[in-house]
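Q: Input: one structure, supplied below.
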Amino acid sequence: MKKGDIMRKIVSLVLVAGMLGLAVGCTPYHAQGAGTGAAIGGISGAIIDHRNPWRGGVIGGVLGAILGATLADVSYKASREAYMSDKPVEYKTEDGRGLYRAEPRGYDERTRCRKIHERVWEDGRLIRDEVREVCEARKTEPRY
């Protein structure tokens, strides 16, 4: 086996082990954010580092997973905070480049859920705009 082949296998093993660790050790929100971030970061890194796409993919995947899990954590906490306070919640990054805003929209007394409008900006550009439903404890629906 060539040295390059061995390195590729080692890097692949480390990447898979790291991703499994992130997926198993996190909440579903973290795992989803980490998975999406890893996929986008891995593809971007492989494209950017065209001379060594393995290296770029691994570095991009790891950084993307960390950033994705972090954004998922902020999103989860802020949406819960907006639900509880019934007031808009806003977080900014220290450098001012990133902004997260969660605004409560409406409350459904029957299901005890509130719609939360979440938006994320990066460098003044809207990168995420979605409405999430956050519930008090468990969502209840009528059964037929």
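Just so we're on the same page: first chain in the structure tokens is A, next is B, and so on; residues restart at 1 for each chain, and ligands are numbered from 1 in the order they show up.
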Considering only alpha helix (DSSP H) as DSSP defines it on the backbone, what residues of segment 70-142 of chain A qualify? List them as a list in words.
A: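 Residues of segment 70-142 of chain A classed as alpha helix (DSSP H): Thr70, Leu71, Ala72, Asp73, Val74, Ser75, Tyr76, Lys77, Ala78, Ser79, Arg80, Glu81, Ala82, Tyr83, Met84 and Ser85 of chain A.
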Q: Residues as selected, N, CA and C atoms, written as a PDB file, in the first residue's frame, can you do that?
A:
ATOM      1  N   THR A  70     -23.212  24.783  16.395  1.00  0.00           N
ATOM      2  CA  THR A  70     -23.292  26.029  17.169  1.00  0.00           C
ATOM      3  C   THR A  70     -24.520  26.838  16.771  1.00  0.00           C
ATOM      4  N   LEU A  71     -24.748  26.975  15.463  1.00  0.00           N
ATOM      5  CA  LEU A  71     -25.919  27.716  15.002  1.00  0.00           C
ATOM      6  C   LEU A  71     -27.207  27.017  15.437  1.00  0.00           C
ATOM      7  N   ALA A  72     -27.235  25.690  15.403  1.00  0.00           N
ATOM      8  CA  ALA A  72     -28.409  24.943  15.853  1.00  0.00           C
ATOM      9  C   ALA A  72     -28.659  25.179  17.340  1.00  0.00           C
ATOM     10  N   ASP A  73     -27.594  25.249  18.131  1.00  0.00           N
ATOM     11  CA  ASP A  73     -27.716  25.493  19.564  1.00  0.00           C
ATOM     12  C   ASP A  73     -28.284  26.877  19.832  1.00  0.00           C
ATOM     13  N   VAL A  74     -27.746  27.881  19.156  1.00  0.00           N
ATOM     14  CA  VAL A  74     -28.239  29.249  19.310  1.00  0.00           C
ATOM     15  C   VAL A  74     -29.704  29.322  18.901  1.00  0.00           C
ATOM     16  N   SER A  75     -30.047  28.695  17.790  1.00  0.00           N
ATOM     17  CA  SER A  75     -31.413  28.693  17.288  1.00  0.00           C
ATOM     18  C   SER A  75     -32.366  28.045  18.288  1.00  0.00           C
ATOM     19  N   TYR A  76     -31.989  26.905  18.825  1.00  0.00           N
ATOM     20  CA  TYR A  76     -32.833  26.198  19.780  1.00  0.00           C
ATOM     21  C   TYR A  76     -33.059  27.029  21.039  1.00  0.00           C
ATOM     22  N   LYS A  77     -31.984  27.555  21.608  1.00  0.00           N
ATOM     23  CA  LYS A  77     -32.093  28.331  22.847  1.00  0.00           C
ATOM     24  C   LYS A  77     -32.881  29.619  22.641  1.00  0.00           C
ATOM     25  N   ALA A  78     -32.617  30.319  21.548  1.00  0.00           N
ATOM     26  CA  ALA A  78     -33.303  31.584  21.300  1.00  0.00           C
ATOM     27  C   ALA A  78     -34.784  31.368  21.007  1.00  0.00           C
ATOM     28  N   SER A  79     -35.131  30.318  20.275  1.00  0.00           N
ATOM     29  CA  SER A  79     -36.548  30.067  19.993  1.00  0.00           C
ATOM     30  C   SER A  79     -37.297  29.711  21.283  1.00  0.00           C
ATOM     31  N   ARG A  80     -36.669  28.962  22.179  1.00  0.00           N
ATOM     32  CA  ARG A  80     -37.285  28.656  23.481  1.00  0.00           C
ATOM     33  C   ARG A  80     -37.428  29.928  24.308  1.00  0.00           C
ATOM     34  N   GLU A  81     -36.404  30.781  24.275  1.00  0.00           N
ATOM     35  CA  GLU A  81     -36.456  32.043  25.023  1.00  0.00           C
ATOM     36  C   GLU A  81     -37.569  32.948  24.479  1.00  0.00           C
ATOM     37  N   ALA A  82     -37.709  33.028  23.168  1.00  0.00           N
ATOM     38  CA  ALA A  82     -38.778  33.834  22.565  1.00  0.00           C
ATOM     39  C   ALA A  82     -40.144  33.253  22.920  1.00  0.00           C
ATOM     40  N   TYR A  83     -40.242  31.933  22.970  1.00  0.00           N
ATOM     41  CA  TYR A  83     -41.498  31.281  23.353  1.00  0.00           C
ATOM     42  C   TYR A  83     -41.875  31.665  24.781  1.00  0.00           C
ATOM     43  N   MET A  84     -40.926  31.531  25.697  1.00  0.00           N
ATOM     44  CA  MET A  84     -41.203  31.771  27.114  1.00  0.00           C
ATOM     45  C   MET A  84     -41.500  33.237  27.414  1.00  0.00           C
ATOM     46  N   SER A  85     -40.770  34.152  26.808  1.00  0.00           N
ATOM     47  CA  SER A  85     -40.931  35.578  27.119  1.00  0.00           C
ATOM     48  C   SER A  85     -41.990  36.258  26.255  1.00  0.00           C
TER      49      SER A  85
END
Q: What's around Ser44 of chain A at 12 Å? Count only C-alpha atoms, leave out sequence neighbours fewer than 5 positions away in its own chain, and write the answer as a list of chain:residue names.
A: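 Everything that qualifies: A:Gly37, A:Ala38, A:Ala39, A:Asp49, A:His50, A:Pro53, A:Trp54, A:Arg55, A:Gly56, A:Gly57, A:Val58, A:Ile59, A:Gly60, A:Gly61, A:Val62, A:Leu63, A:Gly64.
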Q: Please compute the atom CA of Ala69 of chain A-atom CA of Asp108 of chain A distance, one decimal, in Å.
A: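 Those two atoms sit 29.2 Å apart.
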Q: Have a look at atom CA of Gly45 of chain A and atom CA of Ala65 of chain A and let me know their distance in Å, one decimal.
A: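 Going from atom CA of Gly45 of chain A over to atom CA of Ala65 of chain A, I get 12.4 Å.
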Q: Quick one: distance from atom CA of Arg105 of chain A to atom CA of Glu122 of chain A in Å, one decimal?
A: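 Separation of atom CA of Arg105 of chain A and atom CA of Glu122 of chain A: 23.1 Å.
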Q: Do you know which residues are at most 10 Å from segment 95-97 of chain A counting only C-alpha atoms, after dropping those on the same chain fewer than 2 positions away, and could you put them as a list in words?
A: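 Those residues are Tyr91, Lys92, Thr93, Leu99, Trp121, Glu122, Asp123, Gly124 and Arg125 of chain A.
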Q: Restrict the selected residues to C-alpha atoms and save them as a compact mmCIF listing (two decimals), in the first residue's frame.
A:
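And here is the file that came out, out.txt:
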# COMPACT_ATOMS: atom_id res chain seq x y z
CA TYR A 91 -28.12 37.53 19.24
CA LYS A 92 -25.12 39.11 17.50
CA THR A 93 -21.63 37.76 16.99
CA LEU A 99 -27.14 38.27 13.56
CA TRP A 121 -28.04 37.29 8.65
CA GLU A 122 -24.36 37.06 7.77
CA ASP A 123 -22.56 40.21 6.63
CA GLY A 124 -25.93 41.92 6.21
CA ARG A 125 -27.24 39.17 3.90
Q: Which residue gives the smallest distance to Thr111 of chain A among A:Leu126, A:Ile40, A:Val134, A:Val89, with only C-alpha atoms counted?
A: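 Selected residue with least distance to Thr111 of chain A: A:Val134.
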Q: Name the residues in contact with Pro104 of chain A at a cut-off of 8 Å, using only C-alpha atoms, excluding same-chain residues fewer than 4 positions from it; report them as number ranges by chain.
A: A: 82-83, 86-88, 114-117
Q: Which of these, A:Gly42, A:Glu90, A:Glu133, A:Tyr107, has the shortest distance to Val120 of chain A once you count only C-alpha atoms?
A: A:Glu90
Q: Taking only C-alpha atoms into account, which of A:Ile48, A:Tyr100, A:Glu94, A:Gln32 comes nearest Gly68 of chain A?
A: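 Smallest distance to Gly68 of chain A is found for A:Gln32.
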